[in-house]
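A.B. asks: Before anything else, here's the structure in question.
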Amino acid sequence: MIAELEIKNLTVSFDGFKAVDDLTFSVEHEELRVVIGPNGAGKTTLLDLICGKTRPTGGSIRFKGRELSRMQENSIVRQGVGRKFQTPSVYPKLTVFENLEISFPRGRGVWGSLFFKQSEDVRERIREVARDTYLSDHLHTSAEHLSHGQKQWLEIGMVLIADPKLMLLDEPVAGMSVRERQQTADLLQRICRGRSVVVIEHDMNFVKQIAHKVTVMHQGKMLVEGSMDEIQANEKVREVYLGH
Ligand code: ADP
Ligand code: MG
């Protein structure tokens, strides 16, 4: 298996404080990796580094052999990297359909947007993504009237519509009901076909359902990596994470 995402010795220092400290790990094609760790471990910062929101102080981030760490955020998006942030940031006054439409990748630059037409292809893709994210019955609902869980799904859909090859999700089930969590687990399992997925999550039952492999971060470093069973049996993890 060839690693699709290869992170080596990644470090970022904020005024001398290393939020991510010499982190090395890789994710394979079609792998769903979950990153866990106590608050302040550096998980969100890791996603910020991958998607170019934060510049690393050192180390490298390679995706499909290309170095991302010196690219601008929009170039990283064009490499096929999609990010869902922790708090849903949908457009409240627009409908589900319009939110998905606005997120559909147009051609580059002004010409692409100028001549962009809402073709049947685009409408079909919007309906497909809405089906995938359990929003088919809400296509014409304003986003502000969706439940919190549905807003999370819509935001996943807004990333998914660009068909990213690496999808980064920060705590996607925060605030969801048990049933919505189950549906999201199914959704993520479908999403990782044909792409790599990195999910940050706290809910251990959810992690157990979705993770192929788990990476545990602590104080910016990788503490351990392995299957959920290995992680749960690990003494170091119990100490720092489970509070034993
Ligand atoms: P997690 O997502 O694992 O809870 P974060 O990645 O958000 O942790 O934060 C890791 C640490 O880095 C925290 O101590 C946080 O305060 C610090 N941090 C994150 N971003 C910045 C920043 N831009 N400037 C200074 N410190 C930061
Ligand atoms: Mg975080």
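Residues are named by chain letter and number: chains run A, B, ... in the order of the structure tokens, numbers start at 1 in each chain, and ligands are numbered from 1 in the order shown.
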Please, which residues of chain A, numbered as in this document, come out helix (DSSP H, G or I) from DSSP, as an MDAnalysis selection string?
C.D. replies: chainID A and resid 43:50 73:78 96:103 109:114 120:132 136:138 143:145 148:160 178:191 204:210 228:233 235:242
A.B. asks: Per residue of chain A within 10 Å of ligand 2, record the nearest atom pair and its distance in Å to one decimal, counting only C-alpha atoms and all ligand atoms, with rows in chain order and ascending residue number, as a Markdown table.
C.D. replies:
```
| residue | atom | partner | partner_atom_place_in_ligand_line | distance |
| --- | --- | --- | --- | --- |
| A:Ile36 | CA | ligand 2 | 1 (Mg) | 9.6 |
| A:Gly37 | CA | ligand 2 | 1 (Mg) | 9.3 |
| A:Pro38 | CA | ligand 2 | 1 (Mg) | 9.1 |
| A:Asn39 | CA | ligand 2 | 1 (Mg) | 6.8 |
| A:Gly40 | CA | ligand 2 | 1 (Mg) | 7.0 |
| A:Ala41 | CA | ligand 2 | 1 (Mg) | 8.1 |
| A:Gly42 | CA | ligand 2 | 1 (Mg) | 7.1 |
| A:Lys43 | CA | ligand 2 | 1 (Mg) | 5.5 |
| A:Thr44 | CA | ligand 2 | 1 (Mg) | 4.1 |
| A:Thr45 | CA | ligand 2 | 1 (Mg) | 7.3 |
| A:Leu46 | CA | ligand 2 | 1 (Mg) | 9.2 |
| A:Leu47 | CA | ligand 2 | 1 (Mg) | 9.1 |
| A:Phe85 | CA | ligand 2 | 1 (Mg) | 9.5 |
| A:Gln86 | CA | ligand 2 | 1 (Mg) | 7.5 |
| A:Asp170 | CA | ligand 2 | 1 (Mg) | 6.9 |
| A:Glu171 | CA | ligand 2 | 1 (Mg) | 7.7 |
| A:Ile200 | CA | ligand 2 | 1 (Mg) | 7.7 |
| A:Glu201 | CA | ligand 2 | 1 (Mg) | 8.9 |
| A:His202 | CA | ligand 2 | 1 (Mg) | 9.7 |
```
A.B. asks: Looking at only C-alpha atoms and all ligand atoms, which of A:Asp163, A:Asp132, A:Asp15, A:Glu144 is the one that sits closest to ligand 1?
C.D. replies: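 Selected residue with least distance to ligand 1: A:Asp15.
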A.B. asks: Please provide as an NGL selection string all residues within 12 Å of Lys208 of chain A, with the sequence filter that same-chain residues fewer than 4 positions apart are discarded (counting only C-alpha atoms).
C.D. replies: :A and (32-36 or 182 or 185 or 201-204 or 212-214 or 227-232)
A.B. asks: List as a list in words the protein and nucleic acid residues near Ile76 of chain A, meaning an atom at most 7 Å away when only C-alpha atoms are counted, but skip any in the same chain fewer than 5 places from it.
C.D. replies: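 Residues near the query, excluding close chain neighbours: Cys51, Gly52, Leu68, Met71 and Val81 of chain A.
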A.B. asks: The selected residues should be written to file as a JSON list (two decimals), in the first residue's frame (atoms: C-alpha atoms).
C.D. replies:
```
[["chain", "number", "residue", "atom", "x", "y", "z"],
["A", 51, "CYS", "CA", -5.13, 22.63, 4.62],
["A", 52, "GLY", "CA", -2.70, 25.57, 4.66],
["A", 68, "LEU", "CA", 1.55, 20.99, 0.45],
["A", 71, "MET", "CA", 1.27, 26.03, -1.08],
["A", 81, "VAL", "CA", -7.99, 18.56, -0.11]]
```
A.B. asks: Would you mind listing what lies within 10 Å of Ile126 of chain A as a list in words, with only C-alpha atoms counted and same-chain residues fewer than 2 positions away left out?
C.D. replies: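 Contacts, in chain order: Val96, Phe97, Glu98, Asn99, Leu100, Glu101, Ser103, Phe104, Glu120, Asp121, Val122, Arg123, Glu124, Glu128, Val129, Ala130, Arg131, Asp132, Ser136, Leu139, Gly157, Met158 and Ile161 of chain A.
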A.B. asks: Nearest to ligand 1: which of A:Lys236, A:Lys64, A:Lys221, A:Arg190 is it, counting only C-alpha atoms and all ligand atoms?
C.D. replies: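 When distances to ligand 1 are compared using only C-alpha atoms and all ligand atoms, the smallest one comes from A:Lys221.
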A.B. asks: Would you mind listing what lies within 9 Å of Met176 of chain A as a list in words, with only C-alpha atoms counted and same-chain residues fewer than 2 positions away left out?
C.D. replies: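 Residues near the query, excluding close chain neighbours: His148, Gly149, Gln150, Gln152, Pro172, Val173, Ala174, Val178, Arg179, Glu180 and Arg181 of chain A.
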A.B. asks: Enumerate as a compact mmCIF listing (two decimals) with C-alpha atoms, in the first residue's frame all residues of segment 2-220 of chain A assigned to strand (DSSP E or B) by DSSP on the backbone, naming them with the chain letters and numbers the document uses.
C.D. replies:
```txt
# COMPACT_ATOMS: atom_id res chain seq x y z
CA ALA A 3 0.66 6.20 1.61
CA GLU A 4 -1.40 9.01 0.13
CA LEU A 5 -0.84 11.51 2.88
CA GLU A 6 2.65 11.53 4.32
CA ILE A 7 3.43 13.81 7.23
CA LYS A 8 7.04 13.94 8.37
CA ASN A 9 8.52 15.70 11.40
CA LEU A 10 5.76 18.31 11.24
CA THR A 11 6.21 21.11 13.74
CA VAL A 12 4.53 24.44 14.36
CA SER A 13 5.60 26.79 17.06
CA PHE A 14 3.50 29.71 18.32
CA PHE A 17 5.04 26.86 22.18
CA LYS A 18 4.95 23.80 19.95
CA ALA A 19 1.28 23.04 19.27
CA VAL A 20 2.39 20.28 16.85
CA ASP A 21 5.77 18.83 17.70
CA ASP A 22 7.75 16.57 15.35
CA LEU A 23 4.68 14.64 14.19
CA THR A 24 5.17 11.83 11.67
CA PHE A 25 2.37 9.70 10.29
CA SER A 26 0.79 8.60 7.05
CA VAL A 27 -2.65 7.75 5.74
CA GLU A 28 -3.35 5.28 2.95
CA LEU A 32 -10.43 6.43 7.38
CA ARG A 33 -8.08 7.64 10.09
CA VAL A 34 -9.35 9.01 13.37
CA VAL A 35 -7.19 11.37 15.43
CA ILE A 36 -8.03 11.57 19.12
CA GLY A 58 9.27 22.65 10.04
CA GLY A 59 8.67 19.26 8.48
CA SER A 60 6.72 18.22 5.43
CA ILE A 61 3.17 17.36 4.34
CA ARG A 62 2.99 15.37 1.12
CA PHE A 63 -0.26 14.43 -0.56
CA ARG A 66 3.17 16.76 -3.73
CA GLU A 67 4.48 19.00 -1.01
CA VAL A 81 -7.99 18.56 -0.11
CA GLY A 82 -11.36 19.44 1.50
CA ARG A 83 -11.86 20.57 5.07
CA LYS A 84 -14.92 20.63 7.27
CA THR A 95 -31.58 26.84 0.90
CA SER A 142 -33.38 27.49 4.33
CA LEU A 166 -8.53 13.91 1.01
CA MET A 167 -11.30 14.94 3.37
CA LEU A 168 -10.54 16.45 6.78
CA LEU A 169 -13.34 16.60 9.35
CA ASP A 170 -13.11 18.23 12.77
CA SER A 196 -8.70 9.26 2.20
CA VAL A 197 -10.40 10.68 5.26
CA VAL A 198 -9.00 12.13 8.48
CA VAL A 199 -11.53 12.66 11.27
CA ILE A 200 -10.97 14.27 14.65
CA LYS A 213 -6.76 3.09 12.57
CA VAL A 214 -6.50 5.58 15.43
CA THR A 215 -3.73 8.10 16.05
CA VAL A 216 -3.54 9.45 19.59
CA MET A 217 -2.02 12.91 20.00
CA HIS A 218 -0.79 14.39 23.25
```
A.B. asks: Measuring between only C-alpha atoms and all ligand atoms, which one of A:Leu49, A:Ile191, A:Val90, A:Val240 shows the shortest distance to ligand 1?
C.D. replies: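 Going through A:Leu49, A:Ile191, A:Val90, A:Val240 one by one, the smallest distance to ligand 1 is for A:Leu49.
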A.B. asks: From the list A:Glu30, A:Asp186, A:Glu155, A:Glu225, which residue is nearest Ser89 of chain A when using only C-alpha atoms?
C.D. replies: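 When distances to Ser89 of chain A are compared using only C-alpha atoms, the smallest one comes from A:Glu155.
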A.B. asks: Could you tell me which of A:Thr54, A:Glu239, A:His29, A:Asp137 comes closest to ligand 1 if we count only C-alpha atoms and all ligand atoms?
C.D. replies: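 Closest to ligand 1, using only C-alpha atoms and all ligand atoms: A:Thr54.
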A.B. asks: Would you mind telling me which residue in A:Lys93, A:Ile102, A:Pro56, A:Asp48 lies nearest to ligand 1 when using only C-alpha atoms and all ligand atoms?
C.D. replies: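 Answer, going by the shortest atom-to-atom distance: A:Asp48.
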